[in-house]
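A.B. asks: Sharing final34.json below, JSON, C-alpha atoms and all ligand atoms:
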```json
[["chain", "number", "residue", "atom", "x", "y", "z"],
["A", 1, "MET", "CA", 0.00, 0.00, 0.00],
["A", 2, "ILE", "CA", 1.28, 3.48, -0.83],
["A", 3, "LYS", "CA", 1.02, 5.83, 2.15],
["A", 4, "VAL", "CA", 0.78, 9.58, 1.80],
["A", 5, "PHE", "CA", 1.99, 12.17, 4.26],
["A", 6, "PRO", "CA", 0.56, 15.68, 4.59],
["A", 7, "THR", "CA", 3.20, 18.40, 4.22],
["A", 8, "ARG", "CA", 3.22, 21.85, 5.85],
["A", 9, "CYS", "CA", 1.79, 23.46, 2.73],
["A", 10, "GLY", "CA", -1.00, 20.93, 2.59],
["A", 11, "ALA", "CA", 0.29, 19.04, -0.43],
["A", 12, "VAL", "CA", 0.96, 15.35, -0.22],
["A", 13, "VAL", "CA", 4.18, 13.52, -0.88],
["A", 14, "LEU", "CA", 4.53, 9.85, -1.66],
["A", 15, "ASP", "CA", 6.11, 7.83, 1.13],
["A", 16, "ARG", "CA", 8.71, 6.46, -1.25],
["A", 17, "ASP", "CA", 9.81, 9.89, -2.43],
["A", 18, "ARG", "CA", 10.03, 11.14, 1.15],
["A", 19, "LEU", "CA", 12.28, 8.23, 2.08],
["A", 20, "PHE", "CA", 14.37, 8.68, -1.08],
["A", 21, "GLU", "CA", 14.96, 12.28, -0.04],
["A", 22, "LYS", "CA", 15.78, 11.16, 3.49],
["A", 23, "LEU", "CA", 18.22, 8.54, 2.21],
["A", 24, "ARG", "CA", 19.95, 11.08, -0.05],
["A", 25, "GLY", "CA", 20.28, 13.44, 2.92],
["A", 26, "CYS", "CA", 21.61, 10.76, 5.31],
["A", 27, "MET", "CA", 24.16, 9.70, 2.71],
["A", 28, "VAL", "CA", 25.35, 13.27, 2.12],
["A", 29, "ASP", "CA", 25.60, 13.75, 5.90],
["A", 30, "LEU", "CA", 27.59, 10.49, 6.07],
["A", 31, "ASP", "CA", 25.16, 9.13, 8.65],
["A", 32, "ARG", "CA", 25.79, 5.40, 8.27],
["A", 33, "GLU", "CA", 23.04, 4.23, 10.63],
["A", 34, "CYS", "CA", 20.41, 6.42, 9.02],
["A", 35, "VAL", "CA", 21.45, 5.19, 5.54],
["A", 36, "LEU", "CA", 21.10, 1.54, 6.51],
["A", 37, "GLU", "CA", 17.85, 2.06, 8.40],
["A", 38, "THR", "CA", 16.27, 4.03, 5.56],
["A", 39, "ILE", "CA", 17.29, 1.38, 3.06],
["A", 40, "ASP", "CA", 15.59, -1.25, 5.25],
["A", 41, "LYS", "CA", 12.41, 0.83, 5.29],
["A", 42, "LEU", "CA", 12.44, 1.24, 1.51],
["A", 43, "LEU", "CA", 13.04, -2.47, 0.95],
["A", 44, "GLY", "CA", 10.25, -3.21, 3.43],
["A", 45, "MET", "CA", 7.92, -1.13, 1.25],
["A", 46, "GLY", "CA", 8.86, -3.23, -1.77],
["A", 47, "VAL", "CA", 11.07, -0.62, -3.47],
["A", 48, "LYS", "CA", 13.61, -2.22, -5.80],
["A", 49, "ALA", "CA", 17.25, -2.28, -4.67],
["A", 50, "THR", "CA", 18.32, -1.18, -8.15],
["A", 51, "GLU", "CA", 16.14, 1.93, -7.89],
["A", 52, "ILE", "CA", 17.64, 2.75, -4.49],
["A", 53, "VAL", "CA", 21.21, 2.48, -5.74],
["A", 54, "LEU", "CA", 20.75, 4.23, -9.06],
["A", 55, "GLY", "CA", 18.47, 6.88, -7.53],
["A", 56, "PRO", "CA", 19.13, 8.50, -4.14],
["A", 57, "MET", "CA", 22.41, 6.70, -3.39],
["A", 58, "SER", "CA", 24.03, 7.75, -6.68],
["A", 59, "LYS", "CA", 22.61, 11.29, -6.46],
["A", 60, "ALA", "CA", 24.11, 11.62, -2.98],
["A", 61, "MET", "CA", 27.53, 10.56, -4.26],
["A", 62, "GLU", "CA", 27.36, 13.27, -6.93],
["A", 63, "GLU", "CA", 26.45, 15.81, -4.26],
["A", 64, "ILE", "CA", 29.30, 14.63, -2.03],
["A", 65, "GLY", "CA", 31.61, 15.13, -5.02],
["A", 66, "ARG", "CA", 30.28, 18.67, -5.42],
["A", 67, "LEU", "CA", 30.86, 19.42, -1.74],
["A", 68, "TYR", "CA", 34.42, 18.16, -2.17],
["A", 69, "GLU", "CA", 34.92, 20.42, -5.18],
["A", 70, "GLU", "CA", 33.58, 23.39, -3.21],
["A", 71, "GLY", "CA", 36.02, 22.71, -0.37],
["A", 72, "GLU", "CA", 33.34, 21.78, 2.17],
["A", 73, "TYR", "CA", 34.29, 18.12, 2.20],
["A", 74, "PHE", "CA", 37.78, 16.67, 2.08],
["A", 75, "ILE", "CA", 39.26, 13.37, 0.95],
["A", 76, "ALA", "CA", 38.37, 11.82, 4.35],
["A", 77, "GLU", "CA", 34.68, 12.42, 3.60],
["A", 78, "LEU", "CA", 35.00, 10.84, 0.15],
["A", 79, "ILE", "CA", 36.56, 7.77, 1.73],
["A", 80, "GLU", "CA", 33.82, 7.63, 4.38],
["A", 81, "ALA", "CA", 31.12, 7.98, 1.70],
["A", 82, "ALA", "CA", 32.64, 5.12, -0.30],
["A", 83, "GLU", "CA", 32.73, 2.92, 2.82],
["A", 84, "ILE", "CA", 29.08, 3.61, 3.63],
["A", 85, "PHE", "CA", 28.10, 2.95, 0.01],
["A", 86, "LYS", "CA", 29.95, -0.37, 0.05],
["A", 87, "GLU", "CA", 28.35, -1.36, 3.35],
["A", 88, "ALA", "CA", 24.91, -0.63, 1.92],
["A", 89, "MET", "CA", 25.83, -2.69, -1.14],
["A", 90, "LYS", "CA", 26.34, -5.78, 1.05],
["A", 91, "LYS", "CA", 22.63, -5.61, 1.74],
["A", 92, "LEU", "CA", 21.57, -4.51, -1.74],
["A", 93, "GLU", "CA", 23.78, -6.57, -4.03],
["A", 94, "PRO", "CA", 21.98, -9.93, -3.61],
["A", 95, "LEU", "CA", 18.69, -8.17, -4.36],
["A", 96, "ILE", "CA", 20.15, -6.35, -7.36],
["A", 97, "ARG", "CA", 21.35, -9.71, -8.66],
["A", 98, "GLU", "CA", 17.81, -11.09, -8.33],
["A", 99, "GLU", "CA", 16.29, -8.05, -10.02],
["A", 100, "SER", "CA", 18.79, -8.15, -12.90],
["A", 101, "ARG", "CA", 18.04, -11.74, -13.81],
["A", 102, "GLY", "CA", 16.53, -11.92, -17.25],
["A", 103, "LEU", "CA", 17.92, -8.54, -18.34],
["A", 104, "GLY", "CA", 20.42, -10.38, -20.50],
["A", 105, "GLY", "CA", 18.25, -11.28, -23.45],
["A", 106, "GLY", "CA", 19.24, -14.33, -25.46],
["A", 107, "ARG", "CA", 22.98, -14.78, -25.84],
["A", 108, "ARG", "CA", 25.45, -15.21, -22.97],
["A", 109, "LEU", "CA", 28.26, -12.78, -23.71],
["A", 110, "ARG", "CA", 31.76, -12.54, -22.31],
["A", 111, "ILE", "CA", 32.80, -9.13, -20.99],
["A", 112, "VAL", "CA", 36.17, -7.92, -19.76],
["A", 113, "ILE", "CA", 35.85, -4.83, -17.59],
["A", 114, "GLY", "CA", 38.13, -2.55, -15.60],
["A", 115, "THR", "CA", 38.79, 0.97, -14.33],
["A", 116, "VAL", "CA", 41.60, 2.52, -16.35],
["A", 117, "LYS", "CA", 45.17, 3.26, -15.30],
["A", 118, "GLY", "CA", 45.61, 5.94, -12.64],
["A", 119, "ASP", "CA", 42.02, 5.61, -11.44],
["A", 120, "ILE", "CA", 40.99, 3.71, -8.31],
["A", 121, "HIS", "CA", 37.25, 4.49, -8.32],
["A", 122, "ASP", "CA", 35.55, 1.10, -8.34],
["A", 123, "ILE", "CA", 31.99, 1.47, -7.02],
["A", 124, "GLY", "CA", 30.33, 2.22, -10.37],
["A", 125, "LYS", "CA", 32.44, -0.26, -12.34],
["A", 126, "THR", "CA", 31.66, -3.02, -9.84],
["A", 127, "LEU", "CA", 27.95, -2.24, -9.98],
["A", 128, "VAL", "CA", 28.06, -2.53, -13.78],
["A", 129, "ALA", "CA", 29.96, -5.83, -13.46],
["A", 130, "VAL", "CA", 27.44, -7.20, -10.92],
["A", 131, "MET", "CA", 24.46, -6.35, -13.10],
["A", 132, "LEU", "CA", 26.03, -7.76, -16.25],
["A", 133, "GLN", "CA", 26.81, -10.97, -14.45],
["A", 134, "ALA", "CA", 23.37, -11.18, -12.90],
["A", 135, "ALA", "CA", 21.89, -10.60, -16.34],
["A", 136, "GLY", "CA", 23.52, -13.87, -17.35],
["A", 137, "HIS", "CA", 26.78, -12.75, -18.93],
["A", 138, "GLU", "CA", 30.28, -13.90, -18.05],
["A", 139, "VAL", "CA", 32.28, -11.06, -16.56],
["A", 140, "ILE", "CA", 36.04, -10.89, -16.09],
["A", 141, "ASP", "CA", 36.70, -7.97, -13.78],
["A", 142, "LEU", "CA", 40.28, -6.72, -14.00],
["A", 143, "GLY", "CA", 39.79, -4.32, -11.08],
["A", 144, "VAL", "CA", 41.13, -0.79, -10.93],
["A", 145, "ASP", "CA", 44.20, 1.04, -12.25],
["A", 146, "VAL", "CA", 44.31, -1.24, -15.29],
["A", 147, "ASP", "CA", 46.90, -0.37, -17.93],
["A", 148, "ALA", "CA", 46.68, -0.94, -21.69],
["A", 149, "GLU", "CA", 48.91, -3.99, -21.54],
["A", 150, "LYS", "CA", 46.60, -5.72, -19.04],
["A", 151, "PHE", "CA", 43.48, -4.91, -21.10],
["A", 152, "ILE", "CA", 45.19, -6.22, -24.24],
["A", 153, "GLU", "CA", 46.40, -9.39, -22.55],
["A", 154, "ALA", "CA", 42.82, -10.02, -21.37],
["A", 155, "VAL", "CA", 41.41, -9.47, -24.87],
["A", 156, "GLU", "CA", 43.92, -11.95, -26.28],
["A", 157, "LYS", "CA", 43.40, -14.49, -23.52],
["A", 158, "TYR", "CA", 39.62, -14.38, -23.01],
["A", 159, "LYS", "CA", 38.50, -13.24, -26.49],
["A", 160, "PRO", "CA", 35.58, -11.27, -25.01],
["A", 161, "ASP", "CA", 32.62, -10.00, -26.98],
["A", 162, "VAL", "CA", 32.85, -6.66, -25.17],
["A", 163, "LEU", "CA", 35.61, -4.69, -23.47],
["A", 164, "GLY", "CA", 34.32, -2.25, -20.83],
["A", 165, "MET", "CA", 36.33, 0.64, -19.44],
["A", 166, "SER", "CA", 35.37, 2.93, -16.58],
["A", 167, "ALA", "CA", 36.90, 6.32, -15.64],
["A", 168, "LEU", "CA", 35.85, 8.91, -13.08],
["A", 169, "LEU", "CA", 38.69, 11.37, -13.46],
["A", 170, "THR", "CA", 39.02, 13.70, -16.42],
["A", 171, "THR", "CA", 42.74, 12.91, -16.52],
["A", 172, "THR", "CA", 42.27, 9.13, -16.60],
["A", 173, "SER", "CA", 39.43, 9.19, -19.14],
["A", 174, "ARG", "CA", 42.09, 10.17, -21.70],
["A", 175, "TYR", "CA", 43.73, 6.81, -21.14],
["A", 176, "MET", "CA", 40.73, 5.06, -22.73],
["A", 177, "LYS", "CA", 41.81, 6.50, -26.08],
["A", 178, "ARG", "CA", 45.28, 5.08, -25.53],
["A", 179, "VAL", "CA", 43.84, 1.58, -24.93],
["A", 180, "ILE", "CA", 41.75, 1.77, -28.11],
["A", 181, "GLU", "CA", 44.75, 2.97, -30.14],
["A", 182, "GLU", "CA", 46.86, 0.16, -28.76],
["A", 183, "LEU", "CA", 44.19, -2.44, -29.62],
["A", 184, "ASP", "CA", 44.09, -0.96, -33.12],
["A", 185, "ARG", "CA", 47.87, -1.02, -33.48],
["A", 186, "ARG", "CA", 47.94, -4.72, -32.58],
["A", 187, "GLY", "CA", 45.13, -5.60, -35.00],
["A", 188, "LEU", "CA", 42.71, -6.50, -32.18],
["A", 189, "ARG", "CA", 40.27, -3.60, -32.37],
["A", 190, "SER", "CA", 37.83, -5.24, -34.80],
["A", 191, "ARG", "CA", 37.62, -8.35, -32.62],
["A", 192, "VAL", "CA", 35.88, -6.67, -29.70],
["A", 193, "LYS", "CA", 33.16, -4.10, -29.05],
["A", 194, "ILE", "CA", 34.19, -1.32, -26.70],
["A", 195, "VAL", "CA", 31.88, 0.24, -24.12],
["A", 196, "ILE", "CA", 32.90, 3.07, -21.83],
["A", 197, "GLY", "CA", 31.32, 4.82, -18.85],
["A", 198, "GLY", "CA", 31.95, 6.67, -15.61],
["A", 199, "ALA", "CA", 31.38, 10.23, -14.43],
["A", 200, "ALA", "CA", 34.28, 11.65, -16.48],
["A", 201, "THR", "CA", 32.92, 10.37, -19.79],
["A", 202, "THR", "CA", 30.12, 11.32, -22.19],
["A", 203, "ARG", "CA", 28.48, 9.87, -25.28],
["A", 204, "GLU", "CA", 30.34, 12.47, -27.38],
["A", 205, "TYR", "CA", 33.65, 11.48, -25.84],
["A", 206, "ALA", "CA", 32.95, 7.80, -26.59],
["A", 207, "GLU", "CA", 32.29, 8.70, -30.23],
["A", 208, "ARG", "CA", 35.38, 10.86, -30.41],
["A", 209, "ILE", "CA", 37.74, 8.13, -29.22],
["A", 210, "GLY", "CA", 36.16, 5.45, -31.39],
["A", 211, "ALA", "CA", 34.39, 3.39, -28.71],
["A", 212, "ASP", "CA", 31.26, 1.52, -29.79],
["A", 213, "GLY", "CA", 29.08, 2.90, -27.04],
["A", 214, "TRP", "CA", 28.65, 4.81, -23.80],
["A", 215, "ALA", "CA", 26.30, 4.17, -20.90],
["A", 216, "SER", "CA", 25.19, 6.61, -18.20],
["A", 217, "ASN", "CA", 24.44, 3.96, -15.58],
["A", 218, "ALA", "CA", 24.52, 0.24, -14.88],
["A", 219, "ILE", "CA", 21.10, -0.61, -16.38],
["A", 220, "GLU", "CA", 21.96, 1.30, -19.55],
["A", 221, "ALA", "CA", 25.29, -0.54, -19.64],
["A", 222, "VAL", "CA", 23.53, -3.92, -19.61],
["A", 223, "LYS", "CA", 21.15, -2.84, -22.40],
["A", 224, "LEU", "CA", 24.02, -1.51, -24.48],
["A", 225, "VAL", "CA", 26.13, -4.62, -24.05],
["A", 226, "ASN", "CA", 23.15, -6.80, -25.01],
["A", 227, "LYS", "CA", 22.59, -4.72, -28.12],
["A", 228, "LEU", "CA", 26.23, -4.66, -29.20],
["A", 229, "GLY", "CA", 26.59, -8.38, -28.57],
["A", 230, "GLY", "CA", 23.43, -9.15, -30.53],
["A", 231, "SER", "CA", 21.77, -10.43, -27.39],
["A", 232, "GLY", "CA", 18.26, -9.11, -27.91],
["A", 233, "LYS", "CA", 16.76, -6.61, -25.42],
["A", 301, "LIG", "CO1", 36.95, 10.75, -6.17],
["A", 301, "LIG", "N1", 36.60, 12.12, -7.51],
["A", 301, "LIG", "N2", 38.83, 11.24, -6.18],
["A", 301, "LIG", "N3", 37.11, 9.44, -4.77],
["A", 301, "LIG", "N4", 35.07, 10.70, -6.14],
["A", 301, "LIG", "C1", 35.26, 12.15, -8.09],
["A", 301, "LIG", "C2", 35.18, 11.25, -9.31],
["A", 301, "LIG", "C3", 35.07, 13.69, -8.45],
["A", 301, "LIG", "C4", 34.11, 13.92, -9.61],
["A", 301, "LIG", "C5", 34.64, 14.47, -7.21],
["A", 301, "LIG", "C6", 34.52, 15.94, -7.51],
["A", 301, "LIG", "O1", 35.49, 16.65, -7.42],
["A", 301, "LIG", "N5", 33.35, 16.44, -7.87],
["A", 301, "LIG", "C7", 36.57, 14.10, -8.76],
["A", 301, "LIG", "C8", 36.99, 13.98, -10.21],
["A", 301, "LIG", "C9", 37.03, 15.31, -10.93],
["A", 301, "LIG", "C10", 37.42, 15.14, -12.34],
["A", 301, "LIG", "O2", 38.47, 14.66, -12.65],
["A", 301, "LIG", "N6", 36.53, 15.54, -13.24],
["A", 301, "LIG", "C11", 37.34, 13.17, -7.85],
["A", 301, "LIG", "C12", 38.68, 13.37, -7.42],
["A", 301, "LIG", "C13", 39.31, 14.71, -7.80],
["A", 301, "LIG", "C14", 39.41, 12.41, -6.68],
["A", 301, "LIG", "C15", 40.89, 12.48, -6.24],
["A", 301, "LIG", "C16", 41.86, 13.03, -7.31],
["A", 301, "LIG", "C17", 40.95, 13.29, -4.95],
["A", 301, "LIG", "C18", 42.36, 13.50, -4.41],
["A", 301, "LIG", "O3", 43.03, 12.57, -4.05],
["A", 301, "LIG", "N7", 42.77, 14.74, -4.37],
["A", 301, "LIG", "C19", 41.19, 10.99, -5.91],
["A", 301, "LIG", "C20", 41.68, 10.22, -7.12],
["A", 301, "LIG", "C21", 42.11, 8.82, -6.78],
["A", 301, "LIG", "C22", 42.44, 8.02, -8.03],
["A", 301, "LIG", "O4", 41.56, 7.39, -8.59],
["A", 301, "LIG", "N8", 43.67, 8.06, -8.47],
["A", 301, "LIG", "C23", 39.81, 10.51, -5.54],
["A", 301, "LIG", "C24", 39.58, 9.47, -4.64],
["A", 301, "LIG", "C25", 38.33, 9.02, -4.25],
["A", 301, "LIG", "C26", 38.11, 7.97, -3.15],
["A", 301, "LIG", "C27", 39.15, 6.85, -3.21],
["A", 301, "LIG", "C28", 38.21, 8.65, -1.82],
["A", 301, "LIG", "C29", 36.61, 7.56, -3.42],
["A", 301, "LIG", "C30", 36.46, 6.30, -4.31],
["A", 301, "LIG", "C31", 36.39, 5.01, -3.53],
["A", 301, "LIG", "C32", 36.08, 3.85, -4.42],
["A", 301, "LIG", "O5", 35.60, 3.93, -5.53],
["A", 301, "LIG", "N9", 36.39, 2.70, -3.89],
["A", 301, "LIG", "C33", 36.09, 8.74, -4.22],
["A", 301, "LIG", "C34", 34.71, 9.01, -4.43],
["A", 301, "LIG", "C35", 33.73, 8.22, -3.58],
["A", 301, "LIG", "C36", 34.24, 9.96, -5.37],
["A", 301, "LIG", "C37", 32.79, 10.38, -5.68],
["A", 301, "LIG", "C38", 32.35, 11.30, -4.58],
["A", 301, "LIG", "C39", 31.77, 9.26, -5.86],
["A", 301, "LIG", "C40", 32.10, 8.21, -6.93],
["A", 301, "LIG", "C41", 31.11, 7.07, -6.85],
["A", 301, "LIG", "O6", 31.41, 6.02, -6.28],
["A", 301, "LIG", "N10", 29.87, 7.27, -7.33],
["A", 301, "LIG", "C42", 32.99, 11.15, -7.06],
["A", 301, "LIG", "C43", 31.94, 12.19, -7.34],
["A", 301, "LIG", "C44", 31.17, 11.93, -8.64],
["A", 301, "LIG", "O7", 31.22, 10.88, -9.22],
["A", 301, "LIG", "N11", 30.48, 12.92, -9.15],
["A", 301, "LIG", "C45", 34.44, 11.48, -7.03],
["A", 301, "LIG", "C46", 28.78, 6.28, -7.24],
["A", 301, "LIG", "C47", 28.77, 5.33, -8.44],
["A", 301, "LIG", "C48", 27.57, 4.38, -8.34],
["A", 301, "LIG", "O8", 28.63, 6.10, -9.61],
["A", 301, "LIG", "O9", 31.01, 5.65, -10.33],
["A", 301, "LIG", "O10", 29.57, 7.35, -11.56],
["A", 301, "LIG", "P1", 29.69, 6.08, -10.81],
["A", 301, "LIG", "O11", 29.17, 4.87, -11.73],
["A", 301, "LIG", "C49", 27.94, 4.88, -12.42],
["A", 301, "LIG", "C50", 28.00, 5.49, -13.84],
["A", 301, "LIG", "O12", 29.03, 6.45, -13.98],
["A", 301, "LIG", "C51", 28.14, 4.31, -14.75],
["A", 301, "LIG", "O13", 27.37, 3.32, -14.08],
["A", 301, "LIG", "C52", 27.63, 3.41, -12.68],
["A", 301, "LIG", "C53", 26.45, 2.88, -11.91],
["A", 301, "LIG", "O14", 25.25, 3.45, -12.32],
["A", 301, "LIG", "N12", 29.44, 3.72, -15.04],
["A", 301, "LIG", "C54", 29.60, 2.97, -16.16],
["A", 301, "LIG", "C55", 30.59, 3.68, -14.33],
["A", 301, "LIG", "N13", 31.51, 2.95, -14.95],
["A", 301, "LIG", "C56", 30.92, 2.49, -16.08],
["A", 301, "LIG", "C57", 31.42, 1.64, -17.09],
["A", 301, "LIG", "C58", 30.56, 1.35, -18.16],
["A", 301, "LIG", "C59", 29.26, 1.86, -18.23],
["A", 301, "LIG", "C60", 28.76, 2.66, -17.23],
["A", 301, "LIG", "O15", 30.93, 0.56, -19.18],
["A", 301, "LIG", "C61", 32.10, -0.19, -19.09]]
```
Before we go any further, please render this structure as structure tokens.
Ligand code: B1M

C.D. replies:
Amino acid sequence: MIKVFPTRCGAVVLDRDRLFEKLRGCMVDLDRECVLETIDKLLGMGVKATEIVLGPMSKAMEEIGRLYEEGEYFIAELIEAAEIFKEAMKKLEPLIREESRGLGGGRRLRIVIGTVKGDIHDIGKTLVAVMLQAAGHEVIDLGVDVDAEKFIEAVEKYKPDVLGMSALLTTTSRYMKRVIEELDRRGLRSRVKIVIGGAATTREYAERIGADGWASNAIEAVKLVNKLGGSGK
């Protein structure tokens, strides 16, 4: 049942939206207990874990990044935010896996994924990897700070259908171009589709560096991989 709450101005707000707003706020305030409690309430109401992660949790991380940029938060707060996010993921990941089942379409694809050299941000990349795997694909996660040589070795060894690269820093996103050029130089580029993503990238950037596609979030990444791999949906 959807509950409604009267607000001061007499309007009504959906319970879910109120809790989403609360969760975003608790996350920005780095209030671990409040984050976990609010997630429990949302799950208890039947809200999907995927919606929670891609909605208020991700929005809060963007806001935390903004506060860092503005000098209100420091690196310690970014670390704390990442820890809280990962703790919440322990609860949410099994549910996300359940929810992502069947997203894969027909063909089981093989995907090699990693965060590029110089970049240690792994939350978004791991979420993409989890959803791809749960959708039925085989995922080889190379981790973070992955250099061109390691990506190339993996393409030669595993012969994946798709190579996925993630970057959150403007500086490291440039390295994606280097990986593509290196694949090209070694005659491997045509053997694999390339998908990129992460806060430092855009669709235009993906086109510019010759990737096959860009995804804004984990669900879009699964859809894109399915499409590029000829896997239906
Ligand atoms: Co850093 N950081 N950080 N950070 N950090 C950002 C990225 C930043 C935008 C914050 C800001 O200033 N506004 C900024 C980069 C600015 C820029 O270059 N444009 C920044 C900076 C500057 C830094 C340091 C340089 C700070 C310093 O040391 N002075 C440093 C760099 C370290 C390094 O990598 N060498 C640094 C360090 C860190 C921590 C280690 C403390 C921590 C990361 C911990 C971890 O990952 N284990 C951290 C964090 C937490 C952030 C923010 C706040 C949050 C990132 C996050 O986890 N988001 C971030 C702010 C922001 O992103 N706006 C920031 C949640 C996650 C679910 O979203 O990763 O975007 P995201 O993934 C999404 C989509 O992007 C997409 O799907 C995911 C799920 O929906 N996606 C893909 C991601 N990869 C994909 C791949 C795909 C497809 C889609 O295909 C293959």

A.B. asks: To check your reading of the model: which residues sit at most 7 Å from ligand LIG 301 (chain A) when counting all atoms listed in the file? Write the answer as a PyMOL selection string.

C.D. replies: chain A and resi 54+58+61-66+68-69+75-76+78-79+81-82+113+118-125+127-128+164-171+195-200+214-218+221

A.B. asks: Please indicate the distance in Å from CA of Phe74 in chain A to CA of Asp17 in chain A, rounded to one decimal place.

C.D. replies: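 Computed distance, CA of Phe74 in chain A to CA of Asp17 in chain A, equals 29.1 Å.
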
A.B. asks: What's the 9 Å shell around Ala148 in chain A, counting all atoms listed in the file, without same-chain residues fewer than 6 positions away, as a ChimeraX atom specification?

C.D. replies: /A:116-117,175-176,178-180,182-183

A.B. asks: Per residue of range 105-214 of chain A within 7 Å of range 90-97 of chain A, which atom pair is closest and at what distance in Å (one decimal), using all atoms listed in the file, listed by chain and increasing number, as a Markdown table?

C.D. replies:
```
| residue | atom | partner | partner_atom | distance |
| --- | --- | --- | --- | --- |
| A:Val130 | CA | A:Arg97 | CA | 7.0 |
| A:Met131 | CA | A:Arg97 | CA | 6.4 |
| A:Ala134 | CA | A:Arg97 | CA | 4.9 |
```

A.B. asks: Distance CA of Arg32 in chain A-CA of Thr115 in chain A, one decimal place?

C.D. replies: 26.4 Å

A.B. asks: With 6 Å of padding per side, what axis-aligned box (centre and edge lengths, Å, one decimal) covers all the listed atoms of range 26-43 of chain A? Give it as JSON.

C.D. replies:
```
{"center_x": 20.0, "center_y": 5.6, "center_z": 5.8, "size_x": 27.2, "size_y": 28.2, "size_z": 21.7}
```

A.B. asks: To one decimal place, how far is CA of Val28 in chain A from CA of Lys59 in chain A in Å?

C.D. replies: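 For CA of Val28 in chain A relative to CA of Lys59 in chain A, the distance reads 9.2 Å.
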
A.B. asks: I'd like the contact shell of Leu228 in chain A - 12 Å cut-off, all atoms listed in the file, skipping same-chain residues fewer than 5 positions apart - returned as a PyMOL selection string.

C.D. replies: chain A and resi 104-105+107+109-111+161-164+192-195+211-214+221-223+233

A.B. asks: What's the 12 Å shell around Leu42 in chain A, counting only C-alpha atoms, without same-chain residues fewer than 5 positions away, as a list of chain:residue names?

C.D. replies: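 Contacts, with the query itself left out: A:Ile2, A:Asp15, A:Arg16, A:Asp17, A:Arg18, A:Leu19, A:Phe20, A:Glu21, A:Lys22, A:Leu23, A:Val35, A:Leu36, A:Glu37, A:Val47, A:Lys48, A:Ala49, A:Thr50, A:Glu51, A:Ile52, A:Val53, A:Pro56, A:Leu92.
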
A.B. asks: Neighbouring residues of Leu30 in chain A were defined as those with any atom within 8 Å, considering all atoms listed in the file; residues of the same chain fewer than 6 positions away were excluded. Please report them as a PyMOL selection string.

C.D. replies: chain A and resi 77+80-81+84

A.B. asks: Pick out the closest residue to Ala88 in chain A from this set: A:Ser173, A:Tyr205, A:Arg186, A:Glu33. Count only C-alpha atoms.

C.D. replies: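 So, comparing all the options, the nearest one is A:Glu33.
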
A.B. asks: Select, from A:Arg185, A:Arg191, A:Ala135, A:Asp141, the residue with the minimum atom-to-atom distance to Val155 in chain A, counting all atoms listed in the file.

C.D. replies: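 Closest to Val155 in chain A, using all atoms listed in the file: A:Arg191.
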
A.B. asks: Go through A:Ile152, A:Asp145, A:Asp29, A:Leu132 and flag the residue nearest Glu72 in chain A, using only C-alpha atoms for the distances.

C.D. replies: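 Of all the options, A:Asp29 lies closest to Glu72 in chain A.
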